[in-house]
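**Student:** Below is the file input-v8.txt, which contains compact mmCIF, C-alpha atoms and all ligand atoms.
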```txt
# COMPACT_ATOMS: atom_id res chain seq x y z
CA MET Y 1 48.25 79.48 8.24
CA LYS Y 2 50.29 76.45 7.34
CA LYS Y 3 49.44 74.79 10.64
CA ASN Y 4 45.73 75.38 10.05
CA SER Y 5 45.68 73.86 6.62
CA PHE Y 6 47.48 70.81 8.01
CA LYS Y 7 44.79 70.54 10.67
CA GLY Y 8 42.18 70.78 7.93
CA PHE Y 9 43.93 68.03 6.04
CA LEU Y 10 43.91 65.82 9.15
CA MET Y 11 40.20 66.46 9.60
CA ILE Y 12 39.49 65.39 6.04
CA VAL Y 13 41.51 62.20 6.49
CA LEU Y 14 39.69 61.49 9.75
CA ILE Y 15 36.25 62.02 8.22
CA GLY Y 16 37.23 59.80 5.32
CA LEU Y 17 38.36 57.05 7.70
CA LEU Y 18 35.18 57.27 9.74
CA GLY Y 19 33.15 56.95 6.56
CA LEU Y 20 35.13 53.88 5.59
CA ILE Y 21 34.59 52.25 8.97
CA ALA Y 22 30.85 53.00 8.82
CA ALA Y 23 30.65 51.53 5.31
CA CYS Y 24 32.37 48.30 6.42
CA GLY Y 25 30.18 47.92 9.49
CA GLY Y 26 27.03 48.36 7.48
CA SER Y 27 27.64 45.48 5.09
CA GLY Y 28 25.99 42.10 5.34
CA SER Y 29 22.37 41.34 5.87
CA GLY Y 30 19.99 43.20 8.13
CA THR Y 31 19.63 46.86 8.81
CA GLY Y 32 22.76 47.61 10.81
CA GLY Y 33 22.29 50.48 13.18
CA GLY Y 34 24.42 49.35 16.09
CA LYS Y 35 23.34 45.72 16.10
CA GLU Y 36 25.90 43.13 16.97
CA LYS Y 37 27.15 41.35 13.87
CA LEU Y 38 27.52 37.60 14.16
CA GLU Y 39 29.71 35.36 12.07
CA VAL Y 40 27.80 32.28 10.89
CA VAL Y 41 29.43 29.34 9.11
CA THR Y 42 28.03 26.62 6.85
CA ASP Y 43 28.86 23.91 4.32
CA ALA Y 44 26.89 25.02 1.27
CA ALA Y 45 26.84 21.69 -0.57
CA TYR Y 46 23.65 20.33 0.94
CA ALA Y 47 20.66 21.47 -1.06
CA PRO Y 48 17.88 22.24 -0.29
CA PHE Y 49 19.31 23.40 3.07
CA GLU Y 50 22.36 25.29 1.85
CA SER Y 51 23.95 25.43 -1.58
CA MET Y 52 25.71 27.94 -3.79
CA ASP Y 53 23.75 29.83 -6.42
CA GLY Y 54 26.65 31.59 -8.12
CA GLU Y 55 28.16 33.65 -5.33
CA THR Y 56 25.16 33.48 -2.98
CA ILE Y 57 24.31 30.85 -0.42
CA VAL Y 58 20.67 29.80 -0.76
CA GLY Y 59 18.39 27.30 0.93
CA PHE Y 60 15.91 26.59 3.67
CA ASP Y 61 18.56 27.09 6.36
CA VAL Y 62 19.49 30.48 4.92
CA ASP Y 63 15.91 31.80 4.91
CA PHE Y 64 15.22 30.29 8.31
CA LEU Y 65 18.40 31.88 9.70
CA ASP Y 66 17.40 35.21 8.24
CA ALA Y 67 14.03 35.07 10.01
CA VAL Y 68 15.60 34.00 13.31
CA MET Y 69 18.27 36.73 13.14
CA LYS Y 70 15.64 39.40 12.51
CA GLU Y 71 13.59 38.08 15.42
CA ALA Y 72 16.60 37.97 17.75
CA GLY Y 73 17.82 41.39 16.58
CA TYR Y 74 21.26 40.47 15.26
CA ASP Y 75 23.13 41.32 12.11
CA PHE Y 76 25.10 38.50 10.57
CA GLU Y 77 27.38 37.32 7.87
CA LEU Y 78 27.02 33.77 6.53
CA LYS Y 79 30.19 32.11 5.22
CA ASN Y 80 30.56 28.89 3.28
CA ILE Y 81 33.64 27.27 4.79
CA GLY Y 82 32.92 23.54 4.47
CA TRP Y 83 31.83 20.83 6.91
CA ASP Y 84 34.97 19.92 8.88
CA PRO Y 85 36.19 23.55 9.05
CA LEU Y 86 32.75 24.50 10.39
CA PHE Y 87 33.18 22.32 13.45
CA ALA Y 88 36.72 23.61 13.94
CA ALA Y 89 35.54 27.23 13.67
CA ILE Y 90 32.85 26.76 16.30
CA GLN Y 91 35.13 24.85 18.63
CA GLY Y 92 37.89 27.44 18.19
CA GLU Y 93 35.31 30.22 18.56
CA THR Y 94 36.39 31.97 15.37
CA ALA Y 95 32.70 31.88 14.42
CA ASP Y 96 29.64 32.58 16.57
CA LEU Y 97 27.41 29.82 15.27
CA GLY Y 98 26.94 27.21 12.58
CA ILE Y 99 23.90 26.30 10.52
CA SER Y 100 24.24 23.39 8.15
CA ALA Y 101 21.47 20.82 8.65
CA ILE Y 102 23.49 19.82 11.72
CA THR Y 103 22.00 16.96 13.69
CA ILE Y 104 21.89 17.42 17.44
CA ASN Y 105 23.39 14.33 19.08
CA ASP Y 106 25.02 13.35 22.36
CA ASP Y 107 28.44 13.02 20.84
CA ARG Y 108 28.43 16.58 19.50
CA LYS Y 109 26.80 17.91 22.67
CA GLN Y 110 30.03 17.11 24.54
CA THR Y 111 31.87 19.75 22.52
CA TYR Y 112 29.16 22.16 21.34
CA ASP Y 113 25.93 23.73 22.46
CA PHE Y 114 22.82 23.47 20.30
CA SER Y 115 19.69 25.53 19.97
CA VAL Y 116 16.30 23.92 20.37
CA PRO Y 117 15.55 21.68 17.34
CA TYR Y 118 14.20 23.34 14.18
CA PHE Y 119 13.90 20.49 11.68
CA GLU Y 120 13.19 16.76 11.74
CA SER Y 121 15.26 14.48 9.53
CA ARG Y 122 16.29 10.86 9.03
CA ASN Y 123 18.98 9.17 6.99
CA MET Y 124 17.93 7.65 3.67
CA ILE Y 125 19.54 5.55 0.94
CA LEU Y 126 20.15 6.82 -2.59
CA VAL Y 127 20.72 4.19 -5.33
CA PRO Y 128 20.53 3.91 -9.12
CA GLU Y 129 17.20 2.74 -10.55
CA GLY Y 130 17.07 -1.05 -10.68
CA SER Y 131 19.56 -1.52 -7.82
CA ASP Y 132 19.15 -4.73 -5.80
CA ILE Y 133 19.53 -2.65 -2.62
CA LYS Y 134 16.07 -2.48 -1.03
CA SER Y 135 16.87 -1.83 2.65
CA ALA Y 136 19.72 -0.76 4.93
CA GLU Y 137 20.65 -4.42 5.51
CA ASP Y 138 21.31 -4.81 1.79
CA LEU Y 139 24.14 -2.27 2.10
CA VAL Y 140 26.33 -4.94 3.67
CA GLY Y 141 28.75 -6.14 0.98
CA LYS Y 142 28.20 -2.98 -1.10
CA VAL Y 143 30.30 0.15 -1.51
CA VAL Y 144 28.63 3.09 0.19
CA ALA Y 145 29.59 6.76 -0.26
CA VAL Y 146 28.96 9.20 2.59
CA GLN Y 147 29.96 12.69 3.65
CA ASN Y 148 32.75 12.40 6.20
CA GLY Y 149 31.78 13.18 9.78
CA THR Y 150 28.02 13.03 9.27
CA THR Y 151 25.34 10.96 10.93
CA GLY Y 152 25.07 9.21 7.55
CA GLN Y 153 28.62 7.95 7.97
CA GLU Y 154 27.82 6.86 11.50
CA ALA Y 155 24.70 4.99 10.37
CA VAL Y 156 26.61 3.16 7.63
CA GLU Y 157 29.42 2.31 10.05
CA GLY Y 158 26.78 0.80 12.31
CA LEU Y 159 25.81 -1.53 9.46
CA LEU Y 160 29.17 -2.28 7.81
CA GLY Y 161 31.59 -1.72 10.69
CA GLN Y 162 33.76 1.21 11.68
CA ASN Y 163 36.40 2.24 9.13
CA HIS Y 164 35.20 -0.51 6.80
CA ASP Y 165 36.91 -0.46 3.39
CA ASP Y 166 33.54 -0.41 1.64
CA ILE Y 167 32.72 3.00 3.11
CA LYS Y 168 33.98 5.84 0.92
CA LYS Y 169 34.08 9.16 2.77
CA PHE Y 170 33.93 12.55 1.05
CA ASP Y 171 34.38 16.14 2.20
CA ASN Y 172 30.89 17.01 1.05
CA ASN Y 173 27.73 15.28 -0.04
CA VAL Y 174 27.91 16.49 -3.65
CA LEU Y 175 31.16 14.53 -4.05
CA ALA Y 176 29.54 11.44 -2.52
CA ILE Y 177 26.70 11.61 -5.06
CA MET Y 178 29.20 12.14 -7.88
CA GLU Y 179 30.95 8.93 -6.83
CA LEU Y 180 27.64 7.08 -7.07
CA LEU Y 181 26.93 8.55 -10.50
CA LYS Y 182 30.27 7.50 -11.90
CA GLY Y 183 29.87 3.96 -10.56
CA GLY Y 184 32.46 4.20 -7.76
CA ALA Y 185 29.81 3.41 -5.14
CA ASP Y 186 26.57 1.40 -5.02
CA ALA Y 187 24.71 3.77 -2.70
CA VAL Y 188 24.85 7.08 -0.82
CA VAL Y 189 23.40 7.53 2.66
CA ALA Y 190 22.43 11.09 3.64
CA ASP Y 191 19.52 13.09 5.05
CA ASN Y 192 16.10 12.27 3.52
CA SER Y 193 15.20 15.79 2.38
CA VAL Y 194 18.55 16.09 0.62
CA VAL Y 195 18.45 12.83 -1.33
CA GLN Y 196 14.77 13.27 -2.16
CA ALA Y 197 15.41 16.77 -3.53
CA TYR Y 198 18.32 15.43 -5.57
CA VAL Y 199 16.16 12.75 -7.21
CA LYS Y 200 13.40 15.25 -7.91
CA ASN Y 201 15.72 17.88 -9.40
CA ASN Y 202 17.82 15.44 -11.43
CA PRO Y 203 15.43 13.02 -13.15
CA ASP Y 204 18.00 12.41 -15.90
CA LYS Y 205 20.34 10.78 -13.34
CA LYS Y 206 17.86 7.93 -12.80
CA LEU Y 207 18.32 7.53 -9.05
CA VAL Y 208 15.78 6.45 -6.43
CA THR Y 209 15.55 6.77 -2.65
CA ILE Y 210 14.96 4.01 -0.12
CA ALA Y 211 13.61 4.75 3.34
CA ASP Y 212 14.36 2.35 6.20
CA GLU Y 213 12.83 3.55 9.42
CA ASP Y 214 13.93 0.43 11.30
CA SER Y 215 17.58 1.18 10.65
CA PHE Y 216 17.65 4.98 10.59
CA ASP Y 217 16.47 6.92 13.64
CA PRO Y 218 14.75 10.30 13.60
CA GLU Y 219 17.16 13.22 14.01
CA PHE Y 220 16.71 16.93 14.66
CA TYR Y 221 18.75 19.83 13.36
CA GLY Y 222 19.89 22.68 15.58
CA LEU Y 223 22.00 25.80 15.37
CA MET Y 224 25.43 24.97 16.75
CA PHE Y 225 27.31 27.26 19.18
CA PRO Y 226 30.61 27.16 21.02
CA LYS Y 227 30.14 25.49 24.39
CA GLY Y 228 28.79 27.96 26.92
CA SER Y 229 27.80 30.55 24.29
CA GLU Y 230 25.53 33.23 25.66
CA LEU Y 231 23.75 33.40 22.31
CA LYS Y 232 21.85 30.16 22.81
CA ALA Y 233 19.13 31.66 25.00
CA ASP Y 234 18.35 34.44 22.50
CA PHE Y 235 18.19 32.01 19.61
CA ASP Y 236 16.04 29.45 21.39
CA LYS Y 237 13.56 32.22 22.05
CA ALA Y 238 13.72 33.48 18.46
CA ILE Y 239 13.30 29.99 16.97
CA LYS Y 240 10.21 29.39 19.08
CA ALA Y 241 8.83 32.78 18.04
CA VAL Y 242 9.24 32.20 14.28
CA ILE Y 243 7.60 28.79 14.64
CA GLU Y 244 4.69 30.32 16.58
CA ASP Y 245 4.10 33.32 14.31
CA GLY Y 246 3.95 31.32 11.07
CA THR Y 247 7.23 32.55 9.57
CA TYR Y 248 8.72 29.07 9.88
CA SER Y 249 5.80 27.48 7.99
CA LYS Y 250 6.07 30.11 5.26
CA VAL Y 251 9.78 29.44 4.72
CA TYR Y 252 9.19 25.68 4.93
CA LYS Y 253 6.49 25.83 2.26
CA GLU Y 254 8.75 27.85 -0.01
CA TRP Y 255 11.41 25.14 0.04
CA PHE Y 256 9.43 21.95 0.47
CA GLY Y 257 6.10 22.82 -1.17
CA GLU Y 258 4.08 21.57 1.81
CA GLU Y 259 3.18 22.36 5.40
CA PRO Y 260 5.72 21.31 8.05
CA ASN Y 261 4.76 18.79 10.71
CA LEU Y 262 4.72 21.28 13.57
CA LYS Y 263 3.35 18.71 15.99
CA THR Y 264 6.57 16.67 16.14
CA LEU Y 265 8.69 19.80 16.23
CA LYS Y 266 6.69 21.45 18.99
CA ALA Y 267 6.74 18.25 21.03
CA GLN Y 268 10.55 18.44 20.85
CA LEU Y 269 10.53 22.10 21.88
CA GLU Y 270 8.65 21.24 25.04
CA GLN Y 271 11.18 18.66 26.19
N1 LIG Y 301 22.44 15.98 9.38
C1 LIG Y 301 23.67 15.31 9.10
C2 LIG Y 301 24.65 15.52 10.22
O1 LIG Y 301 24.51 16.40 10.98
C3 LIG Y 301 24.31 15.76 7.80
C4 LIG Y 301 24.50 17.22 7.67
C5 LIG Y 301 25.38 17.61 6.52
N2 LIG Y 301 25.27 19.02 6.29
C6 LIG Y 301 25.92 19.69 5.34
N3 LIG Y 301 25.66 20.94 5.17
N4 LIG Y 301 26.80 19.09 4.62
O2 LIG Y 301 25.59 14.81 10.36
```
Could the structure of this file be written out as structure tokens, please?
Ligand code: ARG
**Tutor:**
Amino acid sequence: MKKNSFKGFLMIVLIGLLGLIAACGGSGSGTGGGKEKLEVVTDAAYAPFESMDGETIVGFDVDFLDAVMKEAGYDFELKNIGWDPLFAAIQGETADLGISAITINDDRKQTYDFSVPYFESRNMILVPEGSDIKSAEDLVGKVVAVQNGTTGQEAVEGLLGQNHDDIKKFDNNVLAIMELLKGGADAVVADNSVVQAYVKNNPDKKLVTIADEDSFDPEFYGLMFPKGSELKADFDKAIKAVIEDGTYSKVYKEWFGEEPNLKTLKAQLEQ
């Protein structure tokens, strides 16, 4: 009798534990049901690609990722860990992939694998209205704020010199813009869509953007994986599929209010 009731007690504990495990496994986005759950990392201080809306990460990258994950058949959890930690997490393989408006370049390709490109970008200059800076060349002799470890930093170093005192580096792009607003820098250099969105959404700040296609090269964003990751093939396929079936254009229009230039993107996909 006693033995039986103890057995019953064990059963109840076991059922409870199983329920708990099932509940944990089912969290996150997607439908669950035995799908593999991937850990995705980002630096959510780069609107309109990824930024925090209260506790949620929102942006073009987030909606694009969602579409690609559905297409590829994975569950995932997206975590905002910051820019430098993102690279460390992918290199150390504590995360499965990164999405963060990350430019695919040769330097990074030595350490990471990238998906096929999903977005075209270029660096751009952000200055206060009335600034005498009119081109990238005019940045020489000025104080320029950038996000540390970005292609923006690299572009400015190309103009001013590596580790130049006039380059102020910040952990994220929001801090770089704040430095500009408080007069600690004369300009910010960052991705065109990001600085353009900032100007549009903050008219009271009285900033303007300056394009310089002679000084800033076209760049393409990719999903970033640990070197040798087996996920790349699945995601390349899924990215191509969401571009082909119109999902990409739908998400693009939601965030940028216009049709994407699929011609340039598709030309890249064929390379
Ligand atoms: N595209 C640039 C780069 O890869 C800047 C990206 C910054 N992204 C971010 N989420 N802070 O270097």
**Student:** From the options Y:Val40, Y:Ala185, Y:Leu126, Y:Val140, which residue's atoms come nearest to Tyr74 in chain Y, counting only C-alpha atoms?
**Tutor:** Y:Val40
**Student:** Counting all atoms listed in the file, which protein, DNA or RNA residues come within 7 Å of ligand LIG 301 (chain Y), given as an NGL selection string?
**Tutor:** :Y and (42-46 or 50 or 83 or 100-103 or 149-152 or 172-173 or 190-191 or 221)
**Student:** Using only C-alpha atoms and a cutoff of 12 Å, can you tell me which residues are near (16.0, 7.0, 15.2) in the file's coordinates, and write them out as a list of chain:residue names?
**Tutor:**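 Here the neighbourhood of the point contains Y:Thr103, Y:Asn105, Y:Glu120, Y:Ser121, Y:Arg122, Y:Asn123, Y:Met124, Y:Thr151, Y:Ala155, Y:Asp212, Y:Glu213, Y:Asp214, Y:Ser215, Y:Phe216, Y:Asp217, Y:Pro218, Y:Glu219, Y:Phe220.
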**Student:** My list of candidates is Y:Tyr118, Y:Asn148, Y:Lys168, Y:Val156. Which is closest to Thr264 in chain Y when distances are computed with all atoms listed in the file?
**Tutor:**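 Among Y:Tyr118, Y:Asn148, Y:Lys168, Y:Val156, it is Y:Tyr118 that comes nearest to Thr264 in chain Y.
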**Student:** Skipping near chain neighbours, those fewer than 2 positions away, what residues fall within 10 Å of Asp186 in chain Y using all atoms listed in the file, listed as a ChimeraX atom specification?
**Tutor:** /Y:126-128,131-133,139,141-145,166,179-184,188
**Student:** List the neighbours of range 238-253 of chain Y out to 7 Å using only C-alpha atoms; skip same-chain residues closer than 4 positions along the sequence, and give me the result as a ChimeraX atom specification.
**Tutor:** /Y:60,63-64,68,71-72,234,257-260
**Student:** Report, in Å to a single decimal, how far apart CA of Ala95 in chain Y and CA of Val189 in chain Y are.
**Tutor:** 28.6 Å
**Student:** So that all listed atoms of range 128-146 of chain Y fit with 6 Å spare on each side, what axis-aligned box centre and edge lengths in Å, to one decimal, would you give as lines of an AutoDock Vina configuration file?
**Tutor:**
```
center_x = 23.2
center_y = 1.5
center_z = -2.6
size_x = 26.2
size_y = 27.3
size_z = 28.2
```
**Student:** What does the structure give for the distance between CA of Glu230 in chain Y and CA of Asn261 in chain Y, in Å to one decimal?
**Tutor:**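 Interatomic distance here is 29.4 Å.
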**Student:** Could you jot down the CA of Asp107 in chain Y to CA of Phe235 in chain Y separation for me, Å, one decimal place?
**Tutor:**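 Atom-to-atom, CA of Asp107 in chain Y to CA of Phe235 in chain Y, that is 21.6 Å.
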**Student:** For Lys266 in chain Y, which residue out of Y:Val116, Y:Ala176, Y:Ala197, Y:Ala211 is the nearest one, using all atoms listed in the file?
**Tutor:**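 Between Y:Val116, Y:Ala176, Y:Ala197, Y:Ala211, the residue approaching Lys266 in chain Y most closely is Y:Val116.
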**Student:** Looking at only C-alpha atoms, which of Y:Val146, Y:Ala267, Y:Ala47, Y:Ala88 is the one that sits closest to Leu175 in chain Y?
**Tutor:**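 Answer, going by the shortest atom-to-atom distance: Y:Val146.
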**Student:** So which one's closest to Asn80 in chain Y, Y:Glu270, Y:Asp66, Y:Glu93, Y:Glu55? Using only C-alpha atoms, please.
**Tutor:**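 Smallest separation from Asn80 in chain Y among the options: Y:Glu55.
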**Student:** Which residue out of Y:Ser135, Y:Pro48, Y:Leu207, Y:Gly98 has the minimum interatomic distance to Leu65 in chain Y when all atoms listed in the file are used?
**Tutor:**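 Smallest distance to Leu65 in chain Y is found for Y:Gly98.
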**Student:** I'd like the neighbourhood of Leu97 in chain Y as a PyMOL selection string, where a residue qualifies if any of its atoms comes within 9 Å (using all atoms listed in the file), though same-chain residues fewer than 2 positions away should be ignored.
**Tutor:** chain Y and resi 38-41+86+89-90+93+95+99+223-226+231
